[in-house]
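Asks: Have a peek at model_10.txt (compact mmCIF, C-alpha atoms).
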```txt
# COMPACT_ATOMS: atom_id res chain seq x y z
CA MET M 1 123.93 178.83 106.20
CA PHE M 2 125.55 176.09 104.09
CA TYR M 3 124.64 175.08 100.56
CA ILE M 4 122.99 171.68 100.04
CA ARG M 5 123.70 169.31 97.17
CA HIS M 6 122.56 165.67 97.14
CA HIS M 7 122.68 162.89 94.56
CA HIS M 8 119.91 160.86 96.24
CA PRO M 9 117.26 161.32 98.94
CA VAL M 10 118.68 161.98 102.41
CA PRO M 11 119.07 158.77 104.45
CA TRP M 12 117.28 158.68 107.80
CA VAL M 13 119.24 157.00 110.56
CA ARG M 14 116.47 156.63 113.13
CA ASP M 15 118.51 154.74 115.75
CA VAL M 16 122.11 155.96 115.76
CA SER M 17 123.05 153.28 118.29
CA LYS M 18 122.70 150.78 115.45
CA TYR M 19 124.94 152.75 113.10
CA CYS M 20 128.14 150.96 112.16
CA LEU M 21 131.13 152.21 110.15
CA LYS M 22 132.99 149.38 108.44
CA ILE M 23 136.73 149.64 107.75
CA ASP M 24 137.43 147.11 105.01
CA LEU M 25 141.03 145.88 104.70
CA THR M 26 140.21 142.61 102.97
CA GLU M 27 142.42 143.47 100.01
CA LEU M 28 145.26 143.72 102.52
CA GLY M 29 144.26 140.39 104.03
CA LYS M 30 143.21 141.95 107.34
CA GLY M 31 139.43 141.65 107.36
CA ILE M 32 136.78 144.20 108.31
CA MET M 33 136.63 146.27 111.50
CA GLU M 34 133.39 147.83 112.70
CA LEU M 35 133.12 151.07 114.67
CA SER M 36 130.07 152.64 116.25
CA LEU M 37 129.59 156.38 116.56
CA ASP M 38 130.48 156.07 120.25
CA ASP M 39 133.69 154.25 119.29
CA LEU M 40 134.66 157.14 117.03
CA LYS M 41 133.91 159.68 119.75
CA LYS M 42 136.27 157.86 122.14
CA MET M 43 139.18 158.42 119.75
CA ASN M 44 141.31 161.57 119.67
CA LYS M 45 139.15 164.40 118.33
CA VAL M 46 140.46 166.95 115.84
CA GLU M 47 138.86 169.97 114.19
CA VAL M 48 139.38 171.30 110.68
CA VAL M 49 137.97 174.50 109.19
CA ALA M 50 137.40 173.73 105.53
CA THR M 51 135.54 175.10 102.53
CA LEU M 52 133.49 172.80 100.32
CA GLN M 53 132.49 173.78 96.79
CA CYS M 54 130.31 171.97 94.29
CA SER M 55 132.32 171.25 91.14
CA GLY M 56 129.58 172.91 89.12
CA ASN M 57 129.76 176.22 90.97
CA ARG M 58 129.34 179.06 88.43
CA ARG M 59 128.29 176.57 85.77
CA GLY M 60 125.71 179.12 84.65
CA ASP M 61 128.46 181.42 83.38
CA MET M 62 129.72 178.70 81.07
CA ASN M 63 126.36 178.44 79.32
CA GLN M 64 127.06 181.63 77.36
CA PHE M 65 129.69 179.66 75.42
CA GLY M 66 127.68 176.48 74.98
CA ARG M 67 125.03 174.46 76.73
CA THR M 68 126.26 172.44 79.70
CA SER M 69 124.70 169.58 81.63
CA GLY M 70 123.68 170.23 85.23
CA THR M 71 122.28 172.85 87.58
CA PRO M 72 123.20 176.36 86.30
CA TRP M 73 124.72 177.48 89.60
CA GLY M 74 125.79 181.07 90.20
CA GLN M 75 128.47 181.49 92.86
CA GLY M 76 126.33 180.09 95.69
CA ALA M 77 127.45 176.45 95.73
CA ILE M 78 130.31 177.05 98.15
CA SER M 79 130.34 177.23 101.96
CA ASN M 80 132.67 176.97 104.92
CA ALA M 81 132.40 175.22 108.29
CA LYS M 82 134.36 173.87 111.24
CA TRP M 83 134.31 170.08 111.14
CA GLY M 84 135.01 167.86 114.15
CA GLY M 85 135.90 164.19 114.15
CA VAL M 86 138.73 161.70 113.94
CA LYS M 87 141.74 161.69 111.62
CA LEU M 88 141.25 159.16 108.85
CA THR M 89 144.87 158.09 109.42
CA ASP M 90 144.00 157.19 113.04
CA VAL M 91 140.99 155.13 111.94
CA LEU M 92 143.01 153.27 109.31
CA LYS M 93 145.84 152.63 111.73
CA LEU M 94 143.41 151.24 114.30
CA ALA M 95 142.07 148.89 111.64
CA GLY M 96 145.57 147.66 110.74
CA VAL M 97 147.11 150.03 108.18
CA ASP M 98 150.37 150.44 110.08
CA ASP M 99 152.49 151.52 107.12
CA PRO M 100 150.55 153.16 104.25
CA ILE M 101 153.70 153.56 102.17
CA SER M 102 154.32 149.82 102.33
CA ALA M 103 150.64 149.14 101.66
CA GLN M 104 150.94 151.18 98.47
CA GLU M 105 154.38 150.17 97.22
CA LYS M 106 154.40 146.50 98.22
CA ASP M 107 150.72 145.60 98.22
CA GLY M 108 149.45 147.88 95.46
CA MET M 109 146.93 149.79 97.56
CA GLU M 110 146.40 153.04 95.65
CA HIS M 111 142.97 154.22 96.77
CA VAL M 112 140.76 154.73 99.80
CA ARG M 113 137.12 154.26 98.87
CA PHE M 114 134.08 155.68 100.66
CA GLU M 115 130.63 154.13 100.39
CA ALA M 116 127.52 155.92 101.65
CA LEU M 117 124.14 154.86 103.00
CA ASP M 118 122.45 156.43 99.97
CA GLY M 119 124.44 154.28 97.52
CA MET M 120 126.88 156.99 96.51
CA SER M 121 130.58 156.06 96.36
CA ALA M 122 133.80 157.96 95.70
CA SER M 123 137.50 157.60 96.45
CA ILE M 124 140.73 159.49 96.91
CA GLY M 125 144.36 158.50 96.49
CA ILE M 126 146.02 156.83 99.46
CA GLU M 127 148.65 159.63 99.50
CA LYS M 128 146.04 162.25 100.43
CA ALA M 129 144.12 159.89 102.69
CA CYS M 130 147.15 159.00 104.79
CA SER M 131 149.17 162.21 104.69
CA PRO M 132 149.77 163.65 108.17
CA TYR M 133 149.32 167.06 106.55
CA GLY M 134 146.26 166.18 104.47
CA ASP M 135 143.85 166.68 107.39
CA VAL M 136 141.30 164.18 106.06
CA ILE M 137 138.86 163.38 108.85
CA VAL M 138 135.93 161.12 109.63
CA ALA M 139 133.59 163.86 110.84
CA TYR M 140 130.64 163.66 113.21
CA GLU M 141 130.34 167.38 114.05
CA MET M 142 129.71 170.56 112.08
CA ASN M 143 130.21 173.91 113.78
CA ASN M 144 130.33 172.31 117.25
CA SER M 145 127.06 170.42 116.78
CA PRO M 146 126.20 166.92 115.53
CA LEU M 147 126.12 166.77 111.75
CA PRO M 148 122.70 167.80 110.40
CA ARG M 149 120.94 165.16 108.29
CA ASP M 150 121.44 167.21 105.12
CA HIS M 151 125.17 167.33 105.75
CA GLY M 152 125.86 163.69 106.48
CA PHE M 153 124.54 162.59 109.86
CA PRO M 154 125.79 160.57 111.57
CA VAL M 155 129.23 160.46 109.89
CA ARG M 156 130.80 161.91 106.76
CA ILE M 157 134.26 162.28 105.25
CA ILE M 158 135.95 165.66 104.99
CA VAL M 159 138.74 165.86 102.39
CA PRO M 160 140.02 169.45 102.60
CA GLY M 161 141.08 171.10 99.35
CA TYR M 162 139.26 168.56 97.17
CA ALA M 163 136.07 168.73 95.14
CA ALA M 164 133.06 168.46 97.45
CA VAL M 165 131.96 165.19 95.86
CA ARG M 166 134.94 163.44 97.50
CA ASN M 167 133.62 164.57 100.92
CA VAL M 168 131.19 161.67 101.07
CA LYS M 169 128.18 162.10 103.36
CA TRP M 170 126.43 159.35 105.36
CA VAL M 171 129.48 157.14 104.99
CA GLU M 172 129.05 153.50 106.03
CA LYS M 173 132.20 151.87 104.66
CA ILE M 174 135.82 152.88 104.15
CA LYS M 175 137.85 150.50 102.02
CA VAL M 176 141.55 150.44 101.16
CA SER M 177 141.80 149.17 97.61
CA LYS M 178 143.93 148.67 94.54
CA VAL M 179 141.28 150.32 92.37
CA GLU M 180 139.24 153.49 92.60
CA ALA M 181 135.57 153.51 93.58
CA GLU M 182 133.04 152.26 91.11
CA GLY M 183 130.03 154.22 89.92
CA PRO M 184 129.25 157.39 87.96
CA TRP M 185 130.65 159.82 90.56
CA GLN M 186 134.14 158.38 90.22
CA ARG M 187 134.42 156.61 86.88
CA GLY M 188 131.59 158.12 84.86
CA LEU M 189 131.12 161.47 83.15
CA ASN M 190 129.70 163.27 86.18
CA TYR M 191 133.00 164.62 87.55
CA LYS M 192 135.30 164.45 84.54
CA THR M 193 136.35 167.64 82.79
CA LEU M 194 136.34 166.98 79.06
CA PRO M 195 138.14 169.10 76.44
CA PRO M 196 136.24 172.13 75.06
CA SER M 197 136.04 170.47 71.66
CA VAL M 198 134.06 167.51 72.99
CA LYS M 199 130.29 167.94 72.83
CA ASP M 200 129.41 164.24 73.08
CA ALA M 201 131.03 162.18 75.84
CA LYS M 202 130.43 159.01 73.84
CA THR M 203 133.25 160.06 71.52
CA VAL M 204 135.97 159.91 74.22
CA ASN M 205 137.46 157.22 76.44
CA LEU M 206 136.22 158.26 79.89
CA ALA M 207 138.24 155.53 81.57
CA ALA M 208 141.45 157.26 80.45
CA MET M 209 140.46 160.58 82.06
CA PRO M 210 140.91 161.26 85.79
CA SER M 211 138.00 162.34 87.93
CA MET M 212 138.12 165.66 89.80
CA THR M 213 140.01 165.60 93.08
CA GLU M 214 142.14 168.60 94.11
CA VAL M 215 140.55 171.75 92.77
CA SER M 216 141.78 175.00 91.26
CA LEU M 217 141.59 178.66 92.30
CA PHE M 218 138.43 180.73 92.73
CA SER M 219 137.09 184.08 93.89
CA GLY M 220 133.78 185.87 94.02
CA ILE M 221 132.31 189.33 94.57
CA THR M 222 129.46 189.41 97.08
CA GLN M 223 128.78 193.15 97.53
CA ILE M 224 129.44 196.44 95.75
CA LYS M 225 128.68 199.86 97.25
CA SER M 226 129.34 203.29 95.79
CA SER M 227 131.60 205.56 97.83
CA GLU M 228 130.58 208.69 95.93
CA LYS M 229 128.68 211.43 97.80
CA SER M 230 128.29 213.82 94.82
CA ALA M 231 125.65 214.07 92.11
CA ALA M 232 124.77 211.07 89.96
CA PRO M 233 127.76 210.15 87.80
CA LYS M 234 127.56 210.21 84.00
CA PRO M 235 128.68 207.51 81.56
CA GLY M 236 132.45 207.63 81.22
CA ASP M 237 133.00 209.07 84.70
CA GLN M 238 135.33 207.26 87.06
CA ILE M 239 134.01 206.68 90.56
CA THR M 240 135.22 204.71 93.55
CA VAL M 241 133.22 201.74 94.80
CA LYS M 242 133.83 199.42 97.72
CA ALA M 243 133.67 195.70 96.94
CA CYS M 244 133.66 192.68 99.24
CA GLY M 245 134.09 189.03 98.44
CA TRP M 246 135.79 185.70 99.01
CA ALA M 247 138.62 183.63 97.52
CA TRP M 248 139.72 180.02 97.89
CA ALA M 249 142.22 177.62 96.36
CA GLY M 250 142.28 173.84 96.43
CA GLY M 251 145.11 171.69 97.70
CA GLY M 252 145.66 173.85 100.77
CA ARG M 253 147.29 176.59 98.68
CA ASN M 254 147.03 179.91 100.50
CA ILE M 255 145.49 182.95 98.84
CA VAL M 256 148.30 185.49 98.54
CA ARG M 257 146.42 188.24 96.69
CA VAL M 258 143.07 189.24 95.23
CA ASP M 259 142.93 191.85 92.45
CA VAL M 260 139.80 193.74 91.40
CA THR M 261 139.20 195.83 88.28
CA GLY M 262 136.47 198.29 87.38
CA ASP M 263 137.62 198.96 83.80
CA GLU M 264 137.82 195.50 82.20
CA GLY M 265 141.37 194.85 83.35
CA LYS M 266 143.07 198.07 82.25
CA THR M 267 143.91 198.81 85.89
CA TRP M 268 143.74 196.72 89.03
CA ALA M 269 143.33 197.43 92.74
CA THR M 270 144.71 195.02 95.32
CA ALA M 271 142.22 193.90 97.94
CA GLU M 272 142.81 193.69 101.67
CA ILE M 273 142.34 190.18 102.99
CA THR M 274 140.31 190.71 106.17
CA GLU M 275 139.78 187.10 107.33
CA GLY M 276 141.63 183.85 106.74
CA ALA M 277 145.07 185.24 105.93
CA ASN M 278 146.74 183.52 108.89
CA GLN M 279 146.21 179.91 107.81
CA ARG M 280 149.17 177.51 107.74
CA PHE M 281 151.19 177.51 104.53
CA GLY M 282 150.11 174.62 102.36
CA ARG M 283 147.20 173.78 104.69
CA ALA M 284 144.88 176.70 103.95
CA TRP M 285 141.68 174.70 103.69
CA ALA M 286 139.27 177.61 104.30
CA TRP M 287 138.28 180.53 102.13
CA VAL M 288 139.37 184.10 102.84
CA PHE M 289 137.28 187.27 102.88
CA TRP M 290 138.47 190.50 101.26
CA THR M 291 137.48 194.14 100.75
CA CYS M 292 138.70 196.59 98.14
CA ASP M 293 138.23 200.23 97.10
CA VAL M 294 138.03 200.06 93.32
CA PRO M 295 138.15 202.84 90.71
CA ALA M 296 135.37 201.99 88.27
CA VAL M 297 134.20 203.49 84.99
CA VAL M 298 130.48 204.20 84.65
CA ARG M 299 129.07 202.47 81.59
CA ASP M 300 126.44 203.73 79.15
CA ASP M 301 123.64 202.04 81.09
CA HIS M 302 124.73 203.87 84.29
CA SER M 303 126.19 200.71 85.79
CA VAL M 304 129.68 199.63 86.77
CA GLN M 305 131.11 196.17 86.28
CA LEU M 306 133.76 194.74 88.60
CA CYS M 307 135.86 191.63 88.04
CA SER M 308 137.88 189.74 90.65
CA LYS M 309 140.80 187.37 90.22
CA ALA M 310 142.78 185.63 92.93
CA VAL M 311 146.42 184.52 93.11
CA ASP M 312 147.41 181.49 95.18
CA LEU M 313 150.58 180.26 96.88
CA ALA M 314 151.81 178.65 93.64
CA PHE M 315 151.11 181.99 91.88
CA ASN M 316 148.37 180.49 89.79
CA VAL M 317 146.04 183.22 88.52
CA GLN M 318 142.40 182.95 87.48
CA PRO M 319 141.89 183.21 83.69
CA GLU M 320 139.91 186.07 82.20
CA SER M 321 137.34 183.86 80.47
CA CYS M 322 135.99 180.32 80.65
CA SER M 323 135.59 180.16 76.87
CA HIS M 324 138.73 178.02 76.59
CA THR M 325 137.92 175.90 79.66
CA TRP M 326 134.30 175.22 78.72
CA ASN M 327 133.34 171.59 79.14
CA VAL M 328 130.08 169.79 78.53
CA ARG M 329 129.53 169.12 82.24
CA GLY M 330 130.23 172.74 83.20
CA LEU M 331 132.81 171.83 85.83
CA GLY M 332 135.52 173.91 87.46
CA ASN M 333 134.70 177.40 86.20
CA ASN M 334 137.39 179.59 87.76
CA SER M 335 137.39 182.54 85.36
CA TRP M 336 137.24 186.13 86.61
CA HIS M 337 134.06 186.69 88.57
CA ARG M 338 132.05 189.57 87.07
CA VAL M 339 129.33 191.55 88.79
CA SER M 340 127.47 194.59 87.45
CA VAL M 341 125.46 197.03 89.57
CA ALA M 342 123.47 200.15 88.71
CA ILE M 343 124.87 203.42 90.05
```
Kindly present the structure from the file in structure tokens form.
Replies:
Amino acid sequence: MFYIRHHHPVPWVRDVSKYCLKIDLTELGKGIMELSLDDLKKMNKVEVVATLQCSGNRRGDMNQFGRTSGTPWGQGAISNAKWGGVKLTDVLKLAGVDDPISAQEKDGMEHVRFEALDGMSASIGIEKACSPYGDVIVAYEMNNSPLPRDHGFPVRIIVPGYAAVRNVKWVEKIKVSKVEAEGPWQRGLNYKTLPPSVKDAKTVNLAAMPSMTEVSLFSGITQIKSSEKSAAPKPGDQITVKACGWAWAGGGRNIVRVDVTGDEGKTWATAEITEGANQRFGRAWAWVFWTCDVPAVVRDDHSVQLCSKAVDLAFNVQPESCSHTWNVRGLGNNSWHRVSVAI
């Protein structure tokens, strides 16, 4: 299962033999190269396990502090898959980008732009696009099968550690450029995190604000079970519950710890990371799973509330509340994740 988020109707490529991916180096004076899907499959194949998350994940939690614009997601707009395809660096080199550092410093190429069959466009910096450790790929497989239509068939871009909107589906053109992509998904309000004080985007200079690329640090609780075998607990009692969940950080930053509280942060239990802990340092593109036995205080309504917060390789920690990170688009909510269950 993988969440689905589109900006337009899903393109239908009826005859994949007619599909063509254009690599546009005209700003470098090198013309346009065209590659078929078969051409891509003849190149060296790589696989990357990477998590994608909608920038509006947990937007619904922000609405308690002010109305936001967009789908009021819970924690469900995040998923993980194994992607197969070709390194973007290999594709660009084949087209004529022999020295990306020179292309940037001497020729002013700062961006790699992606244009899709549905009209959507986005871009990333040339540093990420061409880094040998960035693991950006031109993907044609998902979990060992051809990309499903909903997830970008026949070809999409995977930019690990970045906001999902940069992972452009149904890509038909890749362009090395001096300027970032045009359109609302790159230059408009859609993926720009405004200050909490701004309620009307018309009052700020959007052009001066960067669009979301590398993302922050997140965690979520997916299951809570009581470990108590005795009689029903009373309000004020402390019981032990077992919690399970996930955590993920952008930029390839490994998750080094997940803490869980059952008493509003007075005490914390450290979770055991059960999957994903062995990823390469600085290239941890996939989420981790965790479990934790948590002492929790029974509340007056005979429920317990747990909160999770993750710590990443840079020792960033999730904030307690999103009240001070609220923004009108409801983007990037990475506050403690709170879940209440009846006991």
Asks: When you draw a straight line from CA of Gln64 in chain M to CA of Val241 in chain M, how long is it in Å?
Replies: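 CA of Gln64 in chain M sits 27.3 Å away from CA of Val241 in chain M.
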Asks: At a cut-off of 12 Å around the point (132.5, 172.9, 78.6) (file coordinates), what residues fall inside when counting all atoms listed in the file? I'd like the answer as a PyMOL selection string.
Replies: chain M and resi 56+59-70+192-201+322-333
Asks: Which polymer residues have any atom within 9 Å of an atom of Leu306 in chain M, counting only C-alpha atoms, with same-chain residues fewer than 5 positions away left out, as a PDB file with C-alpha atoms, keeping the file's coordinate frame?
Replies:
```
ATOM      1  CA  ILE M 221     132.310 189.330  94.570  1.00  0.00           C
ATOM      2  CA  ILE M 224     129.440 196.440  95.750  1.00  0.00           C
ATOM      3  CA  ALA M 243     133.670 195.700  96.940  1.00  0.00           C
ATOM      4  CA  VAL M 260     139.800 193.740  91.400  1.00  0.00           C
ATOM      5  CA  THR M 261     139.200 195.830  88.280  1.00  0.00           C
ATOM      6  CA  GLY M 262     136.470 198.290  87.380  1.00  0.00           C
ATOM      7  CA  ASP M 263     137.620 198.960  83.800  1.00  0.00           C
ATOM      8  CA  GLU M 264     137.820 195.500  82.200  1.00  0.00           C
ATOM      9  CA  VAL M 294     138.030 200.060  93.320  1.00  0.00           C
ATOM     10  CA  ALA M 296     135.370 201.990  88.270  1.00  0.00           C
ATOM     11  CA  HIS M 337     134.060 186.690  88.570  1.00  0.00           C
ATOM     12  CA  ARG M 338     132.050 189.570  87.070  1.00  0.00           C
ATOM     13  CA  VAL M 339     129.330 191.550  88.790  1.00  0.00           C
ATOM     14  CA  SER M 340     127.470 194.590  87.450  1.00  0.00           C
ATOM     15  CA  VAL M 341     125.460 197.030  89.570  1.00  0.00           C
TER      16      VAL M 341
END
```
Asks: Show me, as AutoDock Vina command-line options, the centre and edge lengths in Å to one decimal of the axis-aligned box that covers every listed atom of range 178-189 of chain M with 3 Å on each side.
Replies:
```
--center_x 136.6 --center_y 155.1 --center_z 88.8 --size_x 20.7 --size_y 18.8 --size_z 17.4
```
Asks: Mind pulling up the distance from CA of Asn254 in chain M to CA of Leu313 in chain M?
Replies: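 Going from CA of Leu313 in chain M over to CA of Asn254 in chain M covers 5.1 Å.
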Asks: Arg299 in chain M: which residues within 10 Å, counting only C-alpha atoms, same-chain residues fewer than 4 positions away excluded, as an MDAnalysis selection string?
Replies: chainID M and resid 233:238 263 303:305 340 342:343
Asks: Write out as a count of residues only the residues lying within 12 Å of range 275-277 of chain M, counting all atoms listed in the file and excluding same-chain residues fewer than 6 positions away.
Replies: 26
Asks: Which of these residues is nearest to Gly251 in chain M, using all atoms listed in the file: M:Phe114, M:Trp83, M:Phe153, M:Phe281?
Replies: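 Nearest to Gly251 in chain M: M:Phe281.
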Asks: Pick from M:Pro72, M:Gly84, M:Gly31, M:Pro148: nearest to Val46 in chain M, with all atoms listed in the file counted?
Replies: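 So, comparing all the options, the nearest one is M:Gly84.
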Asks: At a cut-off of 9 Å, using all atoms listed in the file, what residues contact Ile4 in chain M? Leave out same-chain residues fewer than 6 positions from it and give the result as a list in words.
Replies: Ala77, Asp150 and His151 of chain M
Asks: Please indicate the distance in Å from CA of Leu40 in chain M to CA of Gly85 in chain M, rounded to one decimal place.
Replies: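 That distance, rounded to one decimal, is 7.7 Å.
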Asks: Restrict the output to range 135-147 of chain M and N, CA and C atoms, then write it as a tab-separated table (two decimals), in the first residue's frame.
Replies:
```tsv
chain	number	residue	atom	x	y	z
M	135	ASP	N	21.90	9.96	-4.61
M	135	ASP	CA	21.05	8.82	-4.99
M	135	ASP	C	19.77	9.22	-5.72
M	136	VAL	N	19.82	10.32	-6.47
M	136	VAL	CA	18.67	10.71	-7.30
M	136	VAL	C	18.63	9.78	-8.51
M	137	ILE	N	17.47	9.21	-8.78
M	137	ILE	CA	17.37	8.28	-9.91
M	137	ILE	C	16.20	8.62	-10.82
M	138	VAL	N	16.34	8.19	-12.06
M	138	VAL	CA	15.25	8.19	-13.03
M	138	VAL	C	14.66	6.79	-12.94
M	139	ALA	N	13.51	6.67	-12.30
M	139	ALA	CA	12.97	5.36	-11.92
M	139	ALA	C	11.94	4.85	-12.90
M	140	TYR	N	11.99	3.54	-13.17
M	140	TYR	CA	10.97	2.89	-13.98
M	140	TYR	C	10.39	1.67	-13.27
M	141	GLU	N	10.87	1.38	-12.05
M	141	GLU	CA	10.33	0.27	-11.27
M	141	GLU	C	9.99	0.71	-9.85
M	142	MET	N	9.01	0.04	-9.28
M	142	MET	CA	8.60	0.24	-7.89
M	142	MET	C	8.37	-1.14	-7.29
M	143	ASN	N	9.15	-1.47	-6.28
M	143	ASN	CA	9.03	-2.78	-5.63
M	143	ASN	C	9.12	-3.93	-6.64
M	144	ASN	N	10.14	-3.84	-7.50
M	144	ASN	CA	10.48	-4.89	-8.47
M	144	ASN	C	9.48	-5.05	-9.60
M	145	SER	N	8.56	-4.13	-9.75
M	145	SER	CA	7.59	-4.18	-10.83
M	145	SER	C	7.59	-2.84	-11.57
M	146	PRO	N	7.10	-2.82	-12.82
M	146	PRO	CA	6.98	-1.54	-13.52
M	146	PRO	C	6.17	-0.55	-12.68
M	147	LEU	N	6.51	0.71	-12.76
M	147	LEU	CA	5.77	1.73	-12.03
M	147	LEU	C	4.27	1.63	-12.33
```
